[in-house]
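As provided, run-v4.txt (compact mmCIF, C-alpha atoms and all ligand atoms) reads as follows.
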# COMPACT_ATOMS: atom_id res chain seq x y z
CA MET A 1 -57.01 101.11 228.28
CA LYS A 2 -53.79 99.75 226.81
CA ARG A 3 -54.26 96.89 224.36
CA THR A 4 -51.60 94.36 223.35
CA LYS A 5 -51.67 92.62 220.00
CA VAL A 6 -51.90 88.82 219.87
CA GLY A 7 -51.72 86.47 216.92
CA ALA A 8 -52.00 82.76 216.17
CA ILE A 9 -51.19 80.66 213.12
CA ASP A 10 -52.51 77.10 212.94
CA VAL A 11 -50.76 75.39 210.07
CA GLY A 12 -52.91 72.29 209.60
CA THR A 13 -52.68 69.51 207.04
CA THR A 14 -55.87 70.67 205.30
CA LYS A 15 -56.15 74.36 206.18
CA VAL A 16 -54.11 77.27 207.50
CA CYS A 17 -55.89 79.57 209.94
CA THR A 18 -54.46 82.88 211.07
CA ILE A 19 -56.16 84.89 213.82
CA MET A 20 -55.20 88.43 214.79
CA GLY A 21 -56.55 90.26 217.79
CA ASP A 22 -55.74 92.30 220.85
CA VAL A 23 -56.16 92.01 224.56
CA ASP A 24 -56.68 94.70 227.20
CA THR A 25 -55.07 94.86 230.63
CA GLU A 26 -58.01 93.01 232.16
CA GLY A 27 -57.72 90.11 229.73
CA GLY A 28 -60.55 91.18 227.39
CA LEU A 29 -59.77 89.63 224.03
CA ARG A 30 -61.03 90.95 220.67
CA VAL A 31 -60.61 89.16 217.36
CA LEU A 32 -59.79 91.69 214.65
CA GLY A 33 -58.93 89.51 211.70
CA VAL A 34 -59.24 85.88 210.60
CA GLY A 35 -57.65 84.40 207.49
CA ILE A 36 -58.43 80.84 206.44
CA GLY A 37 -57.10 79.15 203.35
CA PRO A 38 -56.29 75.66 202.05
CA SER A 39 -53.02 74.19 203.24
CA GLN A 40 -50.25 73.02 200.93
CA GLY A 41 -46.92 71.33 201.39
CA LEU A 42 -47.93 69.50 204.57
CA GLN A 43 -48.41 65.81 205.28
CA LYS A 44 -49.60 64.38 208.56
CA GLY A 45 -49.00 67.70 210.26
CA LEU A 46 -45.45 68.10 208.93
CA VAL A 47 -43.98 70.49 206.39
CA VAL A 48 -42.82 68.44 203.41
CA ASN A 49 -42.45 71.33 200.97
CA VAL A 50 -41.24 74.59 202.50
CA ASN A 51 -42.07 76.80 199.52
CA GLU A 52 -45.61 75.50 199.12
CA ALA A 53 -46.30 75.67 202.83
CA LYS A 54 -44.90 79.21 202.98
CA GLU A 55 -47.21 80.35 200.19
CA ALA A 56 -50.28 78.86 201.89
CA ILE A 57 -49.33 80.53 205.19
CA ARG A 58 -48.68 83.85 203.40
CA GLU A 59 -52.16 83.78 201.86
CA SER A 60 -53.80 83.07 205.20
CA ILE A 61 -51.87 85.88 206.93
CA LYS A 62 -52.69 88.30 204.11
CA LYS A 63 -56.42 87.61 204.49
CA ALA A 64 -56.31 88.17 208.24
CA GLU A 65 -54.27 91.37 207.84
CA ARG A 66 -56.75 92.73 205.33
CA THR A 67 -59.60 92.48 207.84
CA ALA A 68 -57.54 93.62 210.81
CA GLY A 69 -56.05 96.59 208.94
CA TYR A 70 -52.51 96.18 210.26
CA LYS A 71 -49.48 93.97 209.71
CA MET A 72 -48.95 90.89 211.82
CA GLU A 73 -45.67 90.99 213.73
CA SER A 74 -45.66 87.89 215.88
CA ALA A 75 -47.76 84.80 216.57
CA TYR A 76 -48.18 81.63 218.56
CA ILE A 77 -47.60 78.61 216.36
CA GLY A 78 -48.96 75.07 216.73
CA VAL A 79 -46.71 72.03 216.40
CA THR A 80 -47.81 68.46 215.77
CA GLY A 81 -46.60 65.26 214.11
CA ARG A 82 -45.51 61.78 215.03
CA HIS A 83 -42.06 63.02 215.98
CA ILE A 84 -43.52 64.50 219.15
CA SER A 85 -43.38 62.35 222.25
CA SER A 86 -43.99 62.94 225.90
CA VAL A 87 -42.99 61.52 229.25
CA ASN A 88 -43.62 62.34 232.89
CA ASN A 89 -40.51 62.89 234.95
CA HIS A 90 -39.56 63.82 238.47
CA GLY A 91 -36.96 66.32 239.70
CA VAL A 92 -35.66 67.08 243.18
CA ILE A 93 -33.35 69.74 244.64
CA ALA A 94 -32.24 70.78 248.12
CA ILE A 95 -32.74 74.36 249.32
CA THR A 96 -29.58 74.89 251.32
CA ARG A 97 -29.74 78.66 251.84
CA GLY A 98 -30.17 79.81 255.44
CA ASP A 99 -33.75 81.08 255.13
CA GLN A 100 -34.88 77.94 253.23
CA LEU A 101 -37.31 80.04 251.26
CA VAL A 102 -38.32 78.78 247.78
CA ARG A 103 -37.47 81.39 245.15
CA PRO A 104 -38.25 81.55 241.38
CA ALA A 105 -34.63 80.55 240.73
CA ASP A 106 -35.27 77.30 242.63
CA LEU A 107 -38.23 76.52 240.37
CA ARG A 108 -36.01 76.96 237.35
CA ARG A 109 -33.38 74.74 238.92
CA VAL A 110 -35.78 71.91 239.81
CA LEU A 111 -37.41 72.05 236.35
CA GLN A 112 -33.95 71.88 234.85
CA VAL A 113 -33.40 68.63 236.78
CA ALA A 114 -36.80 67.27 235.68
CA ARG A 115 -36.17 68.04 232.02
CA SER A 116 -33.04 65.92 231.87
CA VAL A 117 -34.79 62.94 230.28
CA LYS A 118 -33.12 60.75 227.70
CA VAL A 119 -33.89 62.19 224.26
CA PRO A 120 -32.58 61.01 220.87
CA SER A 121 -29.80 63.27 219.60
CA ASP A 122 -32.03 64.79 216.89
CA HIS A 123 -34.84 65.60 219.37
CA LYS A 124 -35.09 68.42 221.89
CA VAL A 125 -37.37 69.33 224.74
CA LEU A 126 -40.30 71.48 223.54
CA HIS A 127 -42.30 71.92 226.74
CA VAL A 128 -41.57 71.36 230.42
CA ILE A 129 -44.93 71.58 232.15
CA PRO A 130 -44.86 71.39 235.96
CA ARG A 131 -47.76 69.16 237.13
CA GLN A 132 -47.26 69.60 240.84
CA TYR A 133 -44.59 70.60 243.33
CA VAL A 134 -43.88 68.86 246.62
CA VAL A 135 -42.29 70.90 249.42
CA ASP A 136 -40.80 68.78 252.23
CA GLY A 137 -43.28 66.00 251.45
CA GLN A 138 -46.33 68.28 251.19
CA GLU A 139 -47.96 67.32 247.91
CA GLY A 140 -50.20 69.16 245.46
CA VAL A 141 -48.45 72.54 245.62
CA LYS A 142 -49.15 74.60 242.48
CA ASN A 143 -46.75 77.45 243.22
CA PRO A 144 -44.18 76.91 245.95
CA VAL A 145 -42.53 80.35 245.69
CA GLY A 146 -42.53 81.93 249.14
CA MET A 147 -42.90 78.61 250.98
CA HIS A 148 -40.23 77.35 253.36
CA GLY A 149 -38.63 73.96 252.91
CA PHE A 150 -35.47 71.97 252.60
CA ARG A 151 -36.48 69.69 249.75
CA LEU A 152 -38.32 70.72 246.59
CA ASP A 153 -39.69 68.05 244.23
CA VAL A 154 -41.49 68.55 240.95
CA GLU A 155 -43.58 66.20 238.82
CA ALA A 156 -43.34 67.46 235.26
CA HIS A 157 -44.69 66.55 231.84
CA ILE A 158 -41.91 66.75 229.27
CA ILE A 159 -42.70 67.04 225.58
CA THR A 160 -39.96 66.47 223.02
CA ALA A 161 -39.90 67.12 219.29
CA ALA A 162 -37.62 66.48 216.31
CA VAL A 163 -35.49 69.56 215.72
CA THR A 164 -35.60 69.44 211.92
CA SER A 165 -39.38 69.00 211.75
CA VAL A 166 -39.92 72.02 213.96
CA GLN A 167 -37.28 74.03 212.10
CA ASN A 168 -39.03 73.43 208.75
CA LEU A 169 -42.12 75.09 210.19
CA THR A 170 -40.30 77.94 211.95
CA LYS A 171 -38.39 78.62 208.73
CA CYS A 172 -41.68 79.14 206.83
CA ILE A 173 -43.04 81.51 209.48
CA ARG A 174 -39.83 83.50 209.99
CA GLY A 175 -39.36 83.68 206.22
CA LEU A 176 -42.59 85.67 206.12
CA GLY A 177 -41.23 88.18 208.65
CA ILE A 178 -43.33 86.88 211.55
CA GLU A 179 -41.69 86.49 214.96
CA ILE A 180 -42.63 83.37 216.93
CA ASP A 181 -44.03 84.12 220.40
CA ASP A 182 -44.06 80.46 221.36
CA LEU A 183 -44.41 77.03 219.85
CA VAL A 184 -47.34 75.17 221.37
CA MET A 185 -48.06 71.47 221.02
CA GLU A 186 -51.43 71.36 219.25
CA PRO A 187 -53.48 69.19 221.64
CA LEU A 188 -52.56 71.60 224.45
CA ALA A 189 -53.98 74.45 222.39
CA SER A 190 -57.18 72.50 221.58
CA ALA A 191 -57.58 71.69 225.29
CA GLU A 192 -57.34 75.41 226.11
CA ALA A 193 -60.13 76.16 223.66
CA CYS A 194 -62.60 73.35 224.36
CA LEU A 195 -62.40 72.07 227.94
CA SER A 196 -64.20 73.38 231.00
CA GLU A 197 -62.49 73.87 234.37
CA GLU A 198 -64.55 70.97 235.81
CA GLU A 199 -63.53 68.59 233.05
CA ARG A 200 -59.84 69.37 233.53
CA MET A 201 -60.19 68.88 237.24
CA ASP A 202 -62.23 65.63 237.15
CA GLY A 203 -60.21 63.94 234.41
CA VAL A 204 -60.82 64.21 230.67
CA MET A 205 -59.30 63.18 227.37
CA ILE A 206 -59.41 65.44 224.32
CA ALA A 207 -58.82 64.16 220.78
CA ASP A 208 -58.48 66.72 217.98
CA ILE A 209 -59.20 64.69 214.84
CA GLY A 210 -57.94 66.79 211.96
CA GLY A 211 -57.04 65.81 208.42
CA GLY A 212 -53.56 64.34 208.93
CA THR A 213 -53.26 63.74 212.65
CA THR A 214 -55.28 63.06 215.78
CA ASP A 215 -53.79 65.10 218.60
CA ILE A 216 -54.47 63.78 222.09
CA ALA A 217 -54.19 65.23 225.59
CA VAL A 218 -55.28 63.78 228.94
CA LEU A 219 -55.88 66.18 231.82
CA LYS A 220 -56.67 65.44 235.44
CA ASP A 221 -56.49 67.47 238.67
CA ASP A 222 -56.04 70.51 236.45
CA THR A 223 -52.70 69.23 235.17
CA ILE A 224 -51.59 67.54 232.00
CA CYS A 225 -50.94 63.78 232.37
CA HIS A 226 -50.39 62.60 228.85
CA THR A 227 -50.07 63.90 225.29
CA SER A 228 -49.61 62.11 221.99
CA VAL A 229 -50.11 62.39 218.25
CA LEU A 230 -51.59 59.61 216.09
CA PRO A 231 -50.99 59.67 212.32
CA VAL A 232 -54.60 58.61 211.66
CA ALA A 233 -57.39 61.15 210.95
CA GLY A 234 -59.85 62.45 208.34
CA HIS A 235 -57.62 61.89 205.30
CA LEU A 236 -57.59 58.16 205.96
CA VAL A 237 -61.39 58.09 206.11
CA THR A 238 -61.41 59.79 202.72
CA ARG A 239 -58.85 57.34 201.35
CA ASP A 240 -60.95 54.38 202.54
CA ILE A 241 -63.98 55.82 200.73
CA SER A 242 -61.95 56.51 197.62
CA VAL A 243 -60.51 52.96 197.48
CA GLY A 244 -63.64 51.20 198.72
CA LEU A 245 -66.09 52.90 196.36
CA GLY A 246 -63.74 53.57 193.44
CA LEU A 247 -64.02 57.36 193.62
CA SER A 248 -61.37 60.03 193.11
CA PRO A 249 -59.99 61.41 196.43
CA GLU A 250 -61.68 64.75 195.73
CA LEU A 251 -65.08 63.16 195.15
CA ALA A 252 -64.65 60.86 198.16
CA GLU A 253 -63.92 63.93 200.34
CA GLN A 254 -66.96 65.73 198.92
CA MET A 255 -69.24 62.73 199.52
CA LYS A 256 -67.90 62.24 203.05
CA LYS A 257 -68.64 65.83 204.03
CA LYS A 258 -72.01 66.00 202.27
CA TYR A 259 -73.54 62.62 203.11
CA GLY A 260 -71.31 61.06 205.80
CA ASN A 261 -73.41 60.11 208.83
CA ILE A 262 -72.70 57.30 211.25
CA SER A 263 -75.55 57.93 213.69
CA LEU A 264 -76.78 54.69 215.20
CA ASN A 265 -80.28 53.32 214.58
CA GLN A 266 -80.37 54.46 210.96
CA GLU A 267 -81.34 50.95 209.85
CA THR A 268 -84.98 51.70 210.44
CA SER A 269 -84.97 54.86 208.37
CA ILE A 270 -86.13 54.61 204.77
CA ASP A 271 -83.11 56.67 203.72
CA ALA A 272 -80.67 53.92 204.67
CA ASP A 273 -81.03 52.12 201.33
CA ARG A 274 -80.89 55.13 199.06
CA THR A 275 -78.39 55.64 196.28
CA LEU A 276 -76.34 58.82 196.27
CA THR A 277 -75.40 60.42 192.99
CA GLU A 278 -72.63 62.96 192.76
CA ASP A 279 -70.73 64.06 189.65
CA GLY A 280 -72.20 61.16 187.67
CA HIS A 281 -71.09 58.56 190.24
CA ALA A 282 -73.67 56.51 192.12
CA VAL A 283 -72.83 54.97 195.48
CA SER A 284 -74.88 53.26 198.15
CA TYR A 285 -75.47 55.35 201.27
CA ARG A 286 -75.23 52.20 203.37
CA ASP A 287 -71.75 51.36 201.93
CA LEU A 288 -70.53 54.91 202.47
CA SER A 289 -71.66 54.96 206.12
CA GLU A 290 -70.22 51.49 206.74
CA ILE A 291 -66.76 52.45 205.42
CA ILE A 292 -66.66 55.62 207.53
CA ARG A 293 -67.94 53.87 210.66
CA ILE A 294 -65.32 51.10 210.49
CA ARG A 295 -62.46 53.62 210.29
CA VAL A 296 -63.91 55.80 213.04
CA GLU A 297 -64.35 52.79 215.34
CA GLU A 298 -60.75 51.80 214.78
CA LEU A 299 -59.58 55.35 215.45
CA VAL A 300 -61.55 55.54 218.72
CA ARG A 301 -59.93 52.27 219.84
CA LEU A 302 -56.50 53.73 219.07
CA ILE A 303 -57.38 56.90 220.97
CA MET A 304 -58.47 54.93 224.05
CA MET A 305 -55.28 52.86 223.94
CA GLU A 306 -53.38 56.08 224.60
CA LEU A 307 -54.78 56.28 228.12
CA PRO A 308 -52.15 55.36 230.66
CA ARG A 309 -54.73 53.46 232.74
CA THR A 310 -57.58 51.09 231.85
CA ASP A 311 -60.07 52.06 234.60
CA PHE A 312 -61.44 54.71 232.25
CA ASP A 313 -64.55 55.58 234.27
CA LYS A 314 -62.43 56.43 237.32
CA PHE A 315 -59.50 57.98 235.50
CA ILE A 316 -61.46 60.19 233.09
CA PRO A 317 -64.96 60.54 234.61
CA ALA A 318 -65.55 63.61 232.42
CA GLY A 319 -65.03 61.34 229.41
CA LEU A 320 -63.76 62.03 225.92
CA VAL A 321 -64.10 65.33 224.05
CA LEU A 322 -63.80 65.08 220.27
CA THR A 323 -62.81 68.13 218.27
CA GLY A 324 -61.01 69.01 215.02
CA GLY A 325 -62.73 69.13 211.62
CA SER A 326 -63.54 65.41 211.62
CA ALA A 327 -65.63 65.82 214.79
CA ASN A 328 -68.21 67.44 212.47
CA LEU A 329 -69.16 63.97 211.23
CA PRO A 330 -72.76 63.38 212.37
CA GLY A 331 -72.99 60.48 214.81
CA ILE A 332 -69.29 60.43 215.73
CA ALA A 333 -69.96 61.01 219.45
CA GLU A 334 -72.55 58.18 219.59
CA VAL A 335 -70.22 55.70 217.91
CA ALA A 336 -67.28 56.77 220.06
CA GLN A 337 -69.34 56.41 223.23
CA GLU A 338 -70.27 52.82 222.31
CA ILE A 339 -66.60 51.90 221.94
CA ALA A 340 -65.03 54.00 224.66
CA ARG A 341 -67.74 53.41 227.31
CA VAL A 342 -67.22 56.87 228.77
CA PRO A 343 -69.28 60.02 228.12
CA VAL A 344 -68.36 61.53 224.74
CA ARG A 345 -69.16 65.01 223.46
CA VAL A 346 -68.11 67.10 220.49
CA GLY A 347 -66.13 70.14 221.63
CA GLU A 348 -66.43 73.49 219.91
CA PRO A 349 -63.92 76.19 220.77
CA VAL A 350 -65.16 78.86 223.18
CA SER A 351 -66.76 81.76 221.36
CA LEU A 352 -64.64 84.86 221.07
CA TYR A 353 -65.63 88.49 220.82
CA GLY A 354 -65.10 90.26 217.50
CA VAL A 355 -64.97 89.06 213.91
CA ALA A 356 -64.90 85.47 215.05
CA ASP A 357 -68.10 83.88 213.69
CA THR A 358 -66.29 81.42 211.42
CA LEU A 359 -64.24 80.09 214.33
CA ARG A 360 -67.26 78.43 215.99
CA ASP A 361 -66.46 75.07 214.47
CA PRO A 362 -64.45 72.17 215.96
CA ALA A 363 -61.98 72.57 213.06
CA TYR A 364 -60.71 75.78 214.72
CA ALA A 365 -60.11 74.38 218.21
CA THR A 366 -56.34 74.51 217.81
CA SER A 367 -56.40 77.97 216.21
CA VAL A 368 -58.51 79.48 218.99
CA GLY A 369 -56.45 77.69 221.65
CA LEU A 370 -53.24 79.17 220.25
CA LEU A 371 -54.72 82.66 220.50
CA LEU A 372 -55.80 82.00 224.09
CA TRP A 373 -52.48 80.48 225.06
CA LYS A 374 -50.77 83.56 226.46
CA LEU A 375 -53.93 84.84 228.07
CA ARG A 376 -54.78 81.62 229.86
CA ASN A 377 -51.25 80.92 230.89
CA GLN A 378 -51.00 84.25 232.64
CA SER A 379 -54.13 83.76 234.72
CA VAL A 380 -53.95 82.47 238.27
CA HIS A 381 -56.09 79.44 237.50
CA THR A 382 -53.96 78.19 234.71
CA TRP A 383 -52.86 74.57 234.61
CA VAL A 384 -49.46 75.58 233.29
CA PRO A 385 -47.92 77.82 235.91
CA GLN A 386 -46.47 81.04 234.61
CA SER A 387 -42.96 80.25 235.63
CA GLY A 388 -43.18 77.05 233.61
CA ILE A 389 -44.09 78.89 230.49
CA ARG A 390 -41.45 81.55 230.90
CA HIS A 391 -38.96 78.80 231.42
CA THR A 392 -40.21 77.00 228.33
CA LEU A 393 -40.01 80.13 226.24
CA SER A 394 -36.34 80.63 226.78
CA GLN A 395 -35.71 76.97 226.00
CA VAL A 396 -37.68 77.08 222.80
CA PHE A 397 -35.95 80.13 221.42
CA ARG A 398 -32.55 78.71 222.08
CA ILE A 399 -33.21 75.33 220.56
CA PHE A 400 -35.68 75.78 217.76
CA GLY A 401 -34.94 79.39 216.87
N1 LIG A 501 -68.84 67.06 208.06
C1 LIG A 501 -67.72 66.38 208.07
N2 LIG A 501 -67.73 65.02 208.13
C2 LIG A 501 -66.58 64.33 208.14
N3 LIG A 501 -65.36 64.87 208.10
C3 LIG A 501 -65.29 66.20 208.02
C4 LIG A 501 -66.43 67.03 208.02
N4 LIG A 501 -66.04 68.32 207.94
C5 LIG A 501 -64.68 68.29 207.91
N5 LIG A 501 -64.23 67.03 207.95
C6 LIG A 501 -62.83 66.56 207.89
O1 LIG A 501 -62.04 67.30 208.78
C7 LIG A 501 -60.67 67.22 208.34
C8 LIG A 501 -60.03 68.58 208.51
O2 LIG A 501 -60.01 68.91 209.87
P1 LIG A 501 -59.10 70.09 210.44
O3 LIG A 501 -59.45 71.35 209.76
O4 LIG A 501 -59.22 70.04 211.92
O5 LIG A 501 -57.67 69.58 209.97
P2 LIG A 501 -56.26 70.31 209.99
O6 LIG A 501 -56.15 71.11 211.23
O7 LIG A 501 -56.04 71.02 208.71
O8 LIG A 501 -55.30 69.06 209.99
P3 LIG A 501 -54.27 68.49 211.10
O9 LIG A 501 -54.64 69.09 212.42
O10 LIG A 501 -54.48 67.02 211.05
O11 LIG A 501 -52.92 68.88 210.61
C9 LIG A 501 -60.71 66.77 206.90
O12 LIG A 501 -60.21 65.45 206.80
C10 LIG A 501 -62.20 66.82 206.55
O13 LIG A 501 -62.55 65.82 205.65
MG MG A 502 -55.41 70.81 213.18
Final structure tokens representation of the file:
Amino acid sequence: MKRTKVGAIDVGTTKVCTIMGDVDTEGGLRVLGVGIGPSQGLQKGLVVNVNEAKEAIRESIKKAERTAGYKMESAYIGVTGRHISSVNNHGVIAITRGDQLVRPADLRRVLQVARSVKVPSDHKVLHVIPRQYVVDGQEGVKNPVGMHGFRLDVEAHIITAAVTSVQNLTKCIRGLGIEIDDLVMEPLASAEACLSEEERMDGVMIADIGGGTTDIAVLKDDTICHTSVLPVAGHLVTRDISVGLGLSPELAEQMKKKYGNISLNQETSIDADRTLTEDGHAVSYRDLSEIIRIRVEELVRLIMMELPRTDFDKFIPAGLVLTGGSANLPGIAEVAQEIARVPVRVGEPVSLYGVADTLRDPAYATSVGLLLWKLRNQSVHTWVPQSGIRHTLSQVFRIFG
């Protein structure tokens, strides 16, 4: 059976993860190489030093290539940062041809209308994701090609990004001789990796809490309703610990990962009053937990404020899914559930076949989602119709290339 190579590079604020694999004609995916290394030259999801970032990406690619035994040629790349914004827009066209049959060219035309939102001069459209089509008033159409009608409407989710921020990243990747298959907004990738069909259908919010950014997506009726990026994540928790307990950032990070636990009802445990000693520094476990919990509570409030509606239980009955490295914090789901008042779970990326053991951690949600991107977006049940992606691709290459 013929196999096509696929690749993904997740350039995060704390780590770079490269995955190489291949896929057969029936969609069977194998992971052949994974390369993970510390990130450099990035702040809050953005490249701030091209040379440093390039070196970190090179290392990660090299590791993956060594395991896979071949050179990486192209990859899907994640994009994040505060410069990304999104809006829902509506487009309408008339089908005036005699047969009044909707053709692929009409989809392109109506999406072109929908994408004409006001964007600052230094920003461009990154994704145009059709949410639903309406043919002569008939709503909820996923793919109108082949239907008859006079009027074609589309509801679309438009994601825009700052050209220079994206170019800094593409420059690093291209400079290493890697072609870019597509640029994917990171929460969309994490959603691909962690959410079930039912959750997407019922209404769900996913928050990928990384080191530099929290990437958010809201999905309902199997379409994307809202996306956003908050510049608050794990690094700020570490900074709070560092300032609050007078520790170096490195030690604060180490303590957070080793002892951080915000599970409720710890008061009764005898461990709550213990003193932690690390590298000659003694800190109170209670103080450490308190500092982390306060920041996490604030972050969950910020996440919930991103919802376009306040009737959370009706709008997102499937609740909130937390992923990203910071979702490894014990007790985070409990605390989030108290604040959000919707069901909360920690989302791990789906397990993949092959040399993929290390990827079974929330920290790799985006990386796995990037690898799945092409696969999922070619299937019939995808929430981003194929035509939308093809359309997006040509846009991306022209603008950000
Ligand atoms: N057990 C843990 N408890 C608390 N935080 C943790 C734990 N394990 C990892 N983290 C935090 O997860 C963060 C890294 O997450 P992740 O790998 O998803 O980030 P990233 O993808 O590099 O960054 P970003 O997506 O923000 O650009 C770090 O801030 C780290 O401290
Ligand atoms: Mg990330």
Problem - Exercise: stretch 325-335 of chain A partners within 6 Å, all atoms listed in the file, chain neighbours under 2 positions left out, as an MDAnalysis selection string - result: chainID A and resid 209:210 234 261:263 322:323 337:338 344:345 362:363
Exercise for the section: Determine, counting all atoms listed in the file, which protein, DNA and RNA residues have an atom within 7 Å of an atom of stretch 33-44 of chain A; residues of the same chain fewer than 6 positions away are not included. Present the result as number ranges by chain. Expected result: A: 12-21, 50, 52-53, 56, 59-61, 63-65, 67-68, 81, 212-213, 231, 355
Practice task
For atom CA of A:Tyr353 and atom CA of A:Glu198, determine how far apart the two atoms are, in Å to one decimal place.
Solution key: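 Between these atoms lies a distance of 23.1 Å.
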Completion exercise
Here atom CA of A:Arg376 and atom CA of A:Gly146 stand apart by 22.8 Å
Practice task
Write out as a list in words which residues come within 7 Å of stretch 169-181 of chain A when counting only C-alpha atoms, dropping same-chain ones fewer than 2 positions away.
Solution key: Val47, Val50, Lys54, Arg58, Met72, Glu73, Ser74, Ala75, Tyr76, Ile77, Ser165, Val166 and Gln167 of chain A
Fill in the blank from the handout: The residue from A:Leu288, A:Val243, A:Val229, A:Leu320 with the smallest atom-to-atom distance to ligand MG 502 (chain A), counting all atoms listed in the file, is A:Val229
Exercise for the section: Compile the contact shell of A:Leu107 as a PyMOL selection string: residues with an atom at most 12 Å away, counting only C-alpha atoms, same-chain residues fewer than 4 positions apart removed. Expected result: chain A and resi 91-95+101-103+111-114+128-130+132-135+142-147+151-156+385-391
Handout entry: atom CA of A:His157 to atom CA of A:Gly137, straight-line distance in Å
Key = 19.7 Å
Problem - Neighbour list for A:Leu195 as a list of chain:residue names, cut-off 10 Å, all atoms listed in the file, skip fewer than 3 positions in-chain - result: A:Ser190, A:Ala191, A:Glu192, A:Glu198, A:Glu199, A:Arg200, A:Val204, A:Met205, A:Ile206, A:Leu219, A:Val321, A:Gly347, A:Glu348, A:Pro349, A:Val350
Handout entry: Nearest residue to ligand MG 502 (chain A) from the set A:Ala217, A:Ala365, A:Val232, A:Val283 (distances using all atoms listed in the file)
Key = A:Ala365
Completion exercise
Counting only C-alpha atoms, closest pick from A:Val11, A:Tyr364, A:Gly203, A:Gly246 relative to A:Asp313 is A:Gly203
Box time for ligand LIG 501 (chain A): axis-aligned, enclosing all its listed atoms, 6 Å extra on each side; report centre and edge lengths in Å to one decimal, as lines of an AutoDock Vina configuration file.
center_x = -60.9
center_y = 67.8
center_z = 209.0
size_x = 27.9
size_y = 19.0
size_z = 18.8
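At a cut-off of 9 Å from (-54.9, 70.4, 223.1), the residue set is A:Met185, A:Glu186, A:Pro187, A:Leu188, A:Ala189, A:Ser190, A:Ala191, A:Glu192, A:Ala193, A:Cys194, A:Ile206, A:Ala207, A:Asp208, A:Asp215, A:Ile216, A:Ala217, A:Val218, A:Thr227, A:Ala365, A:Thr366, A:Gly369 (counting all atoms listed in the file).
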Practice task
Would you mind telling me which residue in A:Ile159, A:Leu46, A:Ile292, A:Leu352 lies nearest to ligand MG 502 (chain A) when using all atoms listed in the file?
Solution key: A:Leu46
Practice task
Could you please give me, as JSON, numbers by chain, the residues of protein, DNA or RNA lying at most 10 Å from (-69.7, 51.5, 205.7) in the coordinate frame of the file, considering all atoms listed in the file?
Solution key: {"A": [240, 241, 244, 260, 261, 262, 284, 285, 286, 287, 288, 289, 290, 291, 292, 293, 294, 295]}
